[in-house]
$ cat query_2.txt   # compact mmCIF, C-alpha atoms
# COMPACT_ATOMS: atom_id res chain seq x y z
CA MET F 27 86.77 74.94 124.75
CA ALA F 28 83.51 73.64 123.25
CA ASN F 29 84.30 75.53 120.07
CA ILE F 30 87.71 73.88 119.85
CA ALA F 31 86.27 70.45 120.59
CA MET F 32 83.99 70.83 117.55
CA HIS F 33 87.03 70.67 115.28
CA ILE F 34 89.85 68.77 117.01
CA SER F 35 90.06 66.30 119.89
CA LEU F 36 92.57 67.11 122.59
CA ASP F 37 93.77 64.95 125.48
CA THR F 38 93.79 66.22 129.06
CA ALA F 39 97.42 67.39 128.96
CA GLU F 40 96.79 69.34 125.74
CA ILE F 41 93.70 70.98 127.22
CA GLU F 42 95.64 71.91 130.36
CA TYR F 43 98.45 73.35 128.27
CA PHE F 44 96.02 75.40 126.20
CA LYS F 45 94.31 76.71 129.35
CA SER F 46 97.68 77.70 130.78
CA VAL F 47 98.59 79.89 127.79
CA VAL F 48 95.28 81.48 126.79
CA LYS F 49 94.55 84.79 128.49
CA ARG F 50 91.34 86.62 129.24
CA LYS F 51 90.47 90.27 129.55
CA SER F 52 87.55 92.68 129.77
CA VAL F 53 87.14 95.43 127.19
CA LYS F 54 84.88 98.38 127.93
CA LYS F 55 82.24 99.47 125.39
CA ASN F 56 83.79 101.76 122.74
CA ALA F 57 87.36 100.87 123.79
CA ILE F 58 89.85 100.18 121.00
CA VAL F 59 91.58 96.79 121.11
CA LEU F 60 93.72 97.45 118.03
CA ASP F 61 94.40 100.81 116.40
CA ALA F 62 95.23 100.83 112.66
CA GLY F 63 99.00 101.20 112.25
CA GLU F 64 99.86 99.28 115.43
CA ILE F 65 101.05 95.68 115.26
CA CYS F 66 98.21 93.24 115.88
CA ARG F 67 99.84 91.26 118.69
CA SER F 68 96.97 88.92 119.52
CA ILE F 69 94.06 86.99 118.11
CA TYR F 70 90.83 87.50 120.07
CA PHE F 71 87.94 85.14 120.76
CA VAL F 72 84.77 86.76 121.98
CA ASP F 73 83.26 85.05 125.01
CA LYS F 74 80.64 87.72 125.73
CA GLY F 75 79.82 91.05 124.07
CA CYS F 76 80.72 92.20 120.58
CA LEU F 77 83.81 93.45 118.75
CA ARG F 78 83.92 95.04 115.31
CA ILE F 79 86.71 95.10 112.72
CA PHE F 80 86.74 98.36 110.81
CA TYR F 81 88.68 100.45 108.35
CA THR F 82 89.09 104.23 108.67
CA ASP F 83 89.37 106.04 105.32
CA SER F 84 91.34 109.21 104.60
CA ASP F 85 88.29 111.35 105.43
CA ALA F 86 88.05 109.67 108.85
CA GLY F 87 84.97 107.71 107.70
CA GLU F 88 84.70 104.31 109.37
CA HIS F 89 83.70 101.18 107.45
CA ASN F 90 82.72 98.08 109.40
CA ILE F 91 84.12 94.95 107.80
CA SER F 92 82.75 92.47 110.30
CA PHE F 93 81.07 92.10 113.64
CA CYS F 94 82.33 89.57 116.16
CA PRO F 95 79.70 88.70 118.77
CA GLU F 96 79.89 85.63 121.03
CA TYR F 97 82.10 82.77 119.75
CA TRP F 98 83.48 84.76 116.81
CA TRP F 99 87.14 85.65 116.56
CA ALA F 100 88.80 88.92 115.56
CA VAL F 101 92.25 89.66 114.18
CA ASP F 102 93.99 91.72 111.48
CA ILE F 103 95.30 88.55 109.89
CA SER F 104 97.96 90.20 107.76
CA SER F 105 99.36 92.27 110.62
CA PHE F 106 99.21 89.34 113.02
CA SER F 107 100.83 86.76 110.77
CA GLY F 108 103.59 89.12 109.58
CA GLN F 109 103.78 91.11 112.86
CA GLY F 110 103.71 94.36 110.83
CA PRO F 111 101.48 97.45 111.03
CA SER F 112 97.75 96.75 110.91
CA PHE F 113 95.41 98.12 108.28
CA TYR F 114 92.27 97.54 110.33
CA SER F 115 91.20 98.63 113.79
CA ILE F 116 89.29 96.50 116.27
CA GLY F 117 86.94 98.05 118.81
CA ALA F 118 84.27 96.98 121.28
CA LEU F 119 80.59 97.75 120.60
CA GLU F 120 79.54 96.50 124.04
CA ASP F 121 81.32 95.65 127.29
CA THR F 122 83.14 92.58 126.02
CA GLU F 123 85.00 89.59 127.49
CA VAL F 124 87.67 88.07 125.28
CA PHE F 125 90.09 85.19 125.35
CA TYR F 126 93.28 85.93 123.46
CA LEU F 127 96.53 84.37 122.29
CA SER F 128 99.59 86.44 121.47
CA TYR F 129 101.60 85.69 118.32
CA PRO F 130 104.56 83.98 120.06
CA VAL F 131 102.21 81.98 122.27
CA LEU F 132 100.23 80.79 119.25
CA GLU F 133 103.39 79.88 117.31
CA GLU F 134 104.57 77.85 120.31
CA LEU F 135 101.16 76.25 120.59
CA TYR F 136 101.47 75.09 116.95
CA LEU F 137 104.84 73.49 117.78
CA LYS F 138 103.73 71.86 121.02
CA VAL F 139 100.25 70.79 119.90
CA PRO F 140 100.27 70.60 116.09
CA LYS F 141 96.54 69.77 116.09
CA PHE F 142 96.02 73.48 116.57
CA GLU F 143 97.27 74.01 113.01
CA ARG F 144 94.17 72.10 111.99
CA PHE F 145 91.93 74.06 114.30
CA PHE F 146 93.14 77.40 112.96
CA ARG F 147 93.04 76.15 109.39
CA ILE F 148 89.35 75.30 109.83
CA LEU F 149 88.65 78.60 111.60
CA THR F 150 90.32 80.52 108.77
CA GLN F 151 88.48 78.47 106.14
CA ASN F 152 85.19 79.44 107.75
CA GLY F 153 86.16 83.09 107.77
CA PHE F 154 87.32 82.84 104.16
CA ASN F 155 84.00 81.32 103.17
CA LEU F 156 82.08 84.03 105.01
CA TYR F 157 84.02 86.80 103.31
CA GLN F 158 83.64 85.17 99.91
CA HIS F 159 79.87 85.28 100.38
CA ARG F 160 80.01 88.86 101.57
CA ILE F 161 81.82 89.84 98.34
CA THR F 162 79.18 87.96 96.37
CA SER F 163 76.43 89.89 98.13
CA ASN F 164 78.13 93.20 97.46
CA LEU F 165 78.35 92.35 93.77
CA SER F 166 74.96 90.78 93.23
CA LYS F 167 72.45 91.65 95.93
CA THR F 168 70.32 94.70 96.67
CA ALA F 169 70.71 96.60 99.96
CA GLU F 170 67.49 95.01 101.19
CA GLU F 171 68.74 91.50 100.47
CA ARG F 172 72.04 92.32 102.18
CA TYR F 173 70.12 93.54 105.21
CA PHE F 174 68.20 90.24 105.43
CA GLN F 175 71.49 88.39 105.11
CA PHE F 176 72.96 90.44 107.95
CA GLN F 177 69.95 89.54 110.14
CA LYS F 178 70.44 85.86 109.34
CA GLN F 179 74.20 85.98 109.85
CA TYR F 180 73.98 87.79 113.17
CA PRO F 181 70.68 86.84 114.85
CA LYS F 182 69.31 89.63 117.07
CA LEU F 183 72.54 91.61 116.88
CA GLU F 184 70.64 94.59 115.52
CA LEU F 185 68.93 94.96 118.90
CA ARG F 186 72.35 95.36 120.55
CA ILE F 187 74.33 97.76 118.38
CA ALA F 188 73.82 101.24 116.95
CA GLN F 189 72.11 101.64 113.57
CA LYS F 190 75.04 103.58 112.18
CA HIS F 191 77.28 100.52 112.62
CA ILE F 192 74.87 98.29 110.72
CA ALA F 193 74.52 100.90 107.94
CA SER F 194 78.31 101.10 107.67
CA TYR F 195 78.53 97.30 107.45
CA LEU F 196 75.92 97.27 104.67
CA GLY F 197 77.55 100.17 102.82
CA ILE F 198 74.41 102.34 102.98
CA THR F 199 73.38 105.49 104.85
CA PRO F 200 71.61 105.26 108.24
CA VAL F 201 68.61 107.00 106.64
CA PHE F 202 68.34 104.33 103.96
CA LEU F 203 68.70 101.58 106.60
CA SER F 204 65.86 103.15 108.58
CA MET F 205 63.70 103.07 105.43
CA LEU F 206 64.49 99.38 104.91
CA ARG F 207 63.60 98.57 108.51
CA HIS F 208 60.21 100.27 108.25
CA LYS F 209 59.26 98.37 105.15
CA MET M 16 106.80 72.89 94.85
CA ALA M 17 108.53 76.26 95.20
CA ASN M 18 105.29 77.71 96.49
CA ILE M 19 105.08 75.01 99.14
CA ALA M 20 108.74 75.44 100.10
CA MET M 21 108.01 79.11 100.87
CA HIS M 22 105.87 78.06 103.82
CA ILE M 23 106.97 74.64 105.07
CA SER M 24 110.12 72.54 104.74
CA LEU M 25 109.63 68.98 103.57
CA ASP M 26 112.13 66.11 103.52
CA THR M 27 112.71 64.02 100.38
CA ALA M 28 110.24 61.30 101.36
CA GLU M 29 107.52 63.90 102.02
CA ILE M 30 108.16 65.58 98.68
CA GLU M 31 107.99 62.22 96.91
CA TYR M 32 104.76 61.36 98.68
CA PHE M 33 103.23 64.71 97.72
CA LYS M 34 104.30 64.28 94.09
CA SER M 35 102.76 60.80 94.04
CA VAL M 36 99.32 62.06 95.10
CA VAL M 37 98.98 65.41 93.31
CA LYS M 38 97.41 65.22 89.86
CA ARG M 39 97.63 67.42 86.83
CA LYS M 40 95.24 68.21 84.03
CA SER M 41 94.64 70.59 81.13
CA VAL M 42 91.49 72.67 80.97
CA LYS M 43 90.41 74.26 77.69
CA LYS M 44 89.53 77.94 77.54
CA ASN M 45 85.89 78.50 78.61
CA ALA M 46 85.58 74.99 80.02
CA ILE M 47 83.86 74.64 83.40
CA VAL M 48 85.86 72.94 86.15
CA LEU M 49 83.09 73.15 88.75
CA ASP M 50 79.41 73.86 88.08
CA ALA M 51 77.38 75.46 90.89
CA GLY M 52 75.34 72.76 92.62
CA GLU M 53 77.91 70.02 92.07
CA ILE M 54 80.19 68.89 94.90
CA CYS M 55 83.58 70.57 94.69
CA ARG M 56 85.72 67.44 94.77
CA SER M 57 89.16 69.03 94.36
CA ILE M 58 91.26 72.04 95.17
CA TYR M 59 93.07 73.46 92.13
CA PHE M 60 96.46 75.15 91.81
CA VAL M 61 97.03 77.04 88.60
CA ASP M 62 100.36 76.28 86.96
CA LYS M 63 99.65 78.14 83.72
CA GLY M 64 96.62 80.04 82.43
CA CYS M 65 93.78 81.52 84.43
CA LEU M 66 90.68 80.27 86.25
CA ARG M 67 87.85 82.38 87.62
CA ILE M 68 85.48 81.73 90.53
CA PHE M 69 82.02 83.11 89.83
CA TYR M 70 78.47 83.21 91.06
CA THR M 71 75.44 82.99 88.76
CA ASP M 72 72.42 84.95 90.00
CA SER M 73 68.76 84.05 89.45
CA ASP M 74 68.70 86.15 86.25
CA ALA M 75 71.66 84.15 84.88
CA GLY M 76 73.98 87.12 85.46
CA GLU M 77 77.54 86.06 86.28
CA HIS M 78 79.58 87.78 89.00
CA ASN M 79 83.31 87.15 89.14
CA ILE M 80 84.49 86.76 92.72
CA SER M 81 88.15 86.16 91.97
CA PHE M 82 90.63 85.43 89.22
CA CYS M 83 93.23 82.71 89.67
CA PRO M 84 96.18 83.15 87.29
CA GLU M 85 99.55 81.40 87.74
CA TYR M 86 100.29 80.20 91.30
CA TRP M 87 96.85 81.04 92.65
CA TRP M 88 94.50 78.38 93.92
CA ALA M 89 90.80 77.90 93.34
CA VAL M 90 88.16 76.07 95.32
CA ASP M 91 84.61 76.47 96.63
CA ILE M 92 85.85 76.14 100.19
CA SER M 93 82.49 75.46 101.80
CA SER M 94 81.53 72.78 99.27
CA PHE M 95 84.99 71.23 99.39
CA SER M 96 85.36 71.10 103.16
CA GLY M 97 81.82 69.82 103.74
CA GLN M 98 81.59 67.84 100.46
CA GLY M 99 78.16 69.35 99.82
CA PRO M 100 76.72 71.25 96.81
CA SER M 101 78.77 74.22 95.64
CA PHE M 102 77.49 77.77 95.53
CA TYR M 103 80.17 78.97 93.11
CA SER M 104 81.30 77.81 89.69
CA ILE M 105 84.89 77.65 88.50
CA GLY M 106 85.78 78.10 84.83
CA ALA M 107 88.84 78.64 82.65
CA LEU M 108 89.46 82.02 80.99
CA GLU M 109 92.42 80.69 78.99
CA ASP M 110 93.79 77.26 78.17
CA THR M 111 94.90 76.33 81.68
CA GLU M 112 97.12 73.74 83.34
CA VAL M 113 96.24 72.85 86.92
CA PHE M 114 97.56 70.67 89.70
CA TYR M 115 94.81 69.34 91.92
CA LEU M 116 94.16 67.36 95.08
CA SER M 117 90.88 65.61 95.74
CA TYR M 118 89.24 65.85 99.16
CA PRO M 119 90.13 62.32 100.38
CA VAL M 120 93.68 62.70 99.07
CA LEU M 121 94.12 65.99 100.90
CA GLU M 122 92.66 64.60 104.14
CA GLU M 123 95.10 61.69 103.91
CA LEU M 124 97.92 64.11 103.19
CA TYR M 125 97.09 65.96 106.43
CA LEU M 126 97.32 62.69 108.35
CA LYS M 127 100.53 61.46 106.71
CA VAL M 128 102.33 64.82 106.54
CA PRO M 129 100.78 67.10 109.19
CA LYS M 130 102.98 69.98 108.03
CA PHE M 131 100.45 70.41 105.23
CA GLU M 132 97.94 71.58 107.82
CA ARG M 133 100.29 74.51 108.28
CA PHE M 134 100.68 75.05 104.55
CA PHE M 135 96.94 75.15 103.96
CA ARG M 136 96.39 77.28 107.03
CA ILE M 137 98.78 79.90 105.61
CA LEU M 138 97.26 79.63 102.13
CA THR M 139 93.79 80.14 103.58
CA GLN M 140 95.01 83.05 105.74
CA ASN M 141 96.33 84.75 102.62
CA GLY M 142 93.03 84.25 100.82
CA PHE M 143 91.16 85.48 103.88
CA ASN M 144 93.30 88.61 103.97
CA LEU M 145 92.76 89.23 100.27
CA TYR M 146 88.99 88.93 100.56
CA GLN M 147 88.93 91.14 103.62
CA HIS M 148 90.61 93.86 101.58
CA ARG M 149 88.25 93.30 98.68
CA ILE M 150 85.28 93.90 101.02
CA THR M 151 86.99 97.05 102.29
CA SER M 152 87.38 98.31 98.72
CA ASN M 153 83.76 97.62 97.93
CA LEU M 154 82.69 99.62 100.98
CA SER M 155 85.12 102.50 100.79
CA LYS M 156 86.68 102.92 97.34
CA THR M 157 85.48 104.40 94.07
CA ALA M 158 85.27 102.26 90.92
CA GLU M 159 88.43 103.96 89.64
CA GLU M 160 90.37 103.12 92.80
CA ARG M 161 89.11 99.53 92.64
CA TYR M 162 90.28 99.31 89.04
CA PHE M 163 93.79 100.45 90.05
CA GLN M 164 93.76 97.90 92.84
CA PHE M 165 92.78 95.18 90.37
CA GLN M 166 95.71 96.17 88.14
CA LYS M 167 98.08 95.97 91.10
CA GLN M 168 96.65 92.71 92.37
CA TYR M 169 96.80 91.02 88.98
CA PRO M 170 99.67 92.54 86.97
CA LYS M 171 99.01 92.49 83.22
CA LEU M 172 96.01 90.20 83.59
CA GLU M 173 93.82 92.75 81.82
CA LEU M 174 95.75 92.07 78.61
CA ARG M 175 94.75 88.42 78.79
CA ILE M 176 91.07 88.34 79.67
CA ALA M 177 87.88 89.87 78.28
CA GLN M 178 86.75 93.30 79.50
CA LYS M 179 83.39 91.95 80.55
CA HIS M 180 85.07 89.69 83.11
CA ILE M 181 86.98 92.58 84.64
CA ALA M 182 83.84 94.74 84.74
CA SER M 183 81.98 91.91 86.49
CA TYR M 184 84.81 91.58 89.02
CA LEU M 185 84.66 95.32 89.73
CA GLY M 186 80.88 95.38 89.92
CA ILE M 187 80.53 97.93 87.09
CA THR M 188 79.29 97.85 83.50
CA PRO M 189 81.70 97.20 80.61
CA VAL M 190 80.87 100.68 79.27
CA PHE M 191 81.89 102.31 82.54
CA LEU M 192 85.10 100.22 82.62
CA SER M 193 85.91 101.38 79.10
CA MET M 194 85.49 105.01 80.27
CA LEU M 195 87.85 104.40 83.20
CA ARG M 196 90.45 102.86 80.91
CA HIS M 197 90.41 105.84 78.56
CA LYS M 198 90.91 108.34 81.36
$ encode --input "query_2.txt" --output "structure tokens"
Amino acid sequence: MANIAMHISLDTAEIEYFKSVVKRKSVKKNAIVLDAGEICRSIYFVDKGCLRIFYTDSDAGEHNISFCPEYWWAVDISSFSGQGPSFYSIGALEDTEVFYLSYPVLEELYLKVPKFERFFRILTQNGFNLYQHRITSNLSKTAEERYFQFQKQYPKLELRIAQKHIASYLGITPVFLSMLRHK
Amino acid sequence: MANIAMHISLDTAEIEYFKSVVKRKSVKKNAIVLDAGEICRSIYFVDKGCLRIFYTDSDAGEHNISFCPEYWWAVDISSFSGQGPSFYSIGALEDTEVFYLSYPVLEELYLKVPKFERFFRILTQNGFNLYQHRITSNLSKTAEERYFQFQKQYPKLELRIAQKHIASYLGITPVFLSMLRHK
């Protein structure tokens, strides 16, 4: 709720309505929340733990697009907004607690409390901005600079998740990541 | 207006109000619409021509983040939404006609016609989705595959803009792009 309150102000009835429609669940470490090809039925907000959004290529190689630790959100936006097959998968890197809203619930929320349009616009803007900078880094920064950026973006996350996931996120091999870390 | 009508339905008064606040201007080829460090005061919609969003590194190298031909929009979202210094620059690759909304005008539009929250949420979602896929390509695709994706994303744009801009967008040298094109 604190995250929402940062962007929009809701009255008591609106807060109660939101609380009545949002759901919560536990996801075990390594469990898959969304498998590529399925319809992404919900948008997830991480309360505790860490999710990752990843792409699996035709050689079964996995590429981490983003990490979603506490207070981040995770969704295959194209699949969710069109309710078609997803391109990305979402999995848990730790035992994770999420809040989630299904597509019909969110659409009804927009109708009943239009302020949530604003909230999700701002949330999406922030994600858009983040991704824009990630593209910039890929085009213009060295692996070492991208590693420092990862550390800044996700403070202490590298103590929680496997090296191979960070290497995949940076687009380098685990061996090269290990070299960077020892420097 | 057709682009807006795809996502939200407006009544006559709302359309008239929108038309009364949106502005239009011509931008000469190679002119700069936004210089990194300035505040991004407006969001631009390309009616004709082509803009590019780019980042200039410390060695004065330019990296094209995205192209914005007809019906695309261009903004430094972080600078615009916080009205702080921009990280990106925006320039014209052709003589370009844009519609634009300044920050205070857009904020007032949200208050007067809240449906525009929805419109800009969807617009941002689409941009978010596009960038997510661009990150995926950078992590998992070869330069040749990325070049095909560029051609699909921006049909016939390569006939209109200089090779060096496409190479910069793909993160390869113009010489390597030329090799790909001759294959």
$ atom_distance --input "query_2.txt" --atom1 "CA of Ser155 in chain M" --atom2 "CA of Ala62 in chain F"
15.7 Å
$ closest_atom_pairs --input "query_2.txt" --of "chain M" --to "chain F" --cutoff "10 Å" --atoms "all atoms listed in the file" --output "CSV"
residue,atom,partner,partner_atom,distance
M:Phe69,CA,F:Thr162,CA,8.6
M:Tyr70,CA,F:Thr162,CA,7.2
M:Thr71,CA,F:Ser166,CA,9.0
M:Asp72,CA,F:Ser166,CA,7.1
M:Ser73,CA,F:Ser166,CA,9.9
M:Gly76,CA,F:Ser166,CA,8.6
M:Glu77,CA,F:Ser166,CA,8.8
M:His78,CA,F:Leu165,CA,6.7
M:Asn79,CA,F:Thr162,CA,8.4
M:Ile80,CA,F:Thr162,CA,6.6
M:Ser81,CA,F:Gln158,CA,9.2
M:Asp91,CA,F:Asn155,CA,8.2
M:Ile92,CA,F:Asn155,CA,6.3
M:Ser93,CA,F:Asn155,CA,6.2
M:Ser94,CA,F:Asn155,CA,9.7
M:Ser96,CA,F:Gln151,CA,8.5
M:Phe102,CA,F:His159,CA,9.3
M:Tyr103,CA,F:Thr162,CA,9.6
M:Tyr125,CA,F:Arg144,CA,8.8
M:Pro129,CA,F:Pro140,CA,7.8
M:Lys130,CA,F:Pro140,CA,8.5
M:Phe131,CA,F:Glu143,CA,9.1
M:Glu132,CA,F:Arg144,CA,5.6
M:Arg133,CA,F:Glu143,CA,5.6
M:Phe134,CA,F:Arg147,CA,9.1
M:Phe135,CA,F:Arg147,CA,6.8
M:Arg136,CA,F:Arg147,CA,4.3
M:Ile137,CA,F:Arg147,CA,7.8
M:Leu138,CA,F:Arg147,CA,9.1
M:Thr139,CA,F:Gln151,CA,6.1
M:Gln140,CA,F:Thr150,CA,6.1
M:Asn141,CA,F:Ser104,CA,7.7
M:Gly142,CA,F:Phe154,CA,6.8
M:Phe143,CA,F:Phe154,CA,4.7
M:Asn144,CA,F:Ser104,CA,6.2
M:Leu145,CA,F:Ser104,CA,9.2
M:Tyr146,CA,F:Tyr157,CA,6.1
M:Gln147,CA,F:Tyr157,CA,6.6
M:His148,CA,F:Ile91,CA,9.1
M:Arg149,CA,F:Ile161,CA,7.3
M:Ile150,CA,F:Ile161,CA,6.0
M:Thr151,CA,F:Ile91,CA,6.6
M:Ser152,CA,F:His89,CA,9.9
M:Asn153,CA,F:Asn164,CA,7.2
M:Leu154,CA,F:Gly197,CA,5.5
M:Ser155,CA,F:His89,CA,6.9
M:Lys156,CA,F:Asp83,CA,9.0
M:Ser183,CA,F:Leu165,CA,8.1
M:Tyr184,CA,F:Leu165,CA,8.1
M:Leu185,CA,F:Leu165,CA,8.1
M:Gly186,CA,F:Leu165,CA,5.5
M:Ile187,CA,F:Leu165,CA,9.0
$ atom_distance --input "query_2.txt" --atom1 "CA of Phe60 in chain M" --atom2 "CA of Gly110 in chain F"
28.0 Å
$ residues_around --input "query_2.txt" --residues "Glu109 in chain M" --least-positions-apart "5" --cutoff "12 Å" --atoms "only C-alpha atoms" --output "ChimeraX atom specification"
/M:41-47,61,63-67,82-85,172,174-177
$ axis_aligned_box --input "query_2.txt" --around "range 160-170 of chain M" --padding-each-side "4 Å" --output "JSON"
{"center_x": 94.4, "center_y": 97.1, "center_z": 89.9, "size_x": 18.6, "size_y": 20.1, "size_z": 13.9}
$ atom_distance --input "query_2.txt" --atom1 "CA of Lys38 in chain M" --atom2 "CA of Thr111 in chain M"
14.0 Å
$ closest_residue --input "query_2.txt" --among "F:Leu206, F:Val101, F:Val124, F:Ile192" --to "Asp73 in chain F" --atoms "all atoms listed in the file"
F:Val124
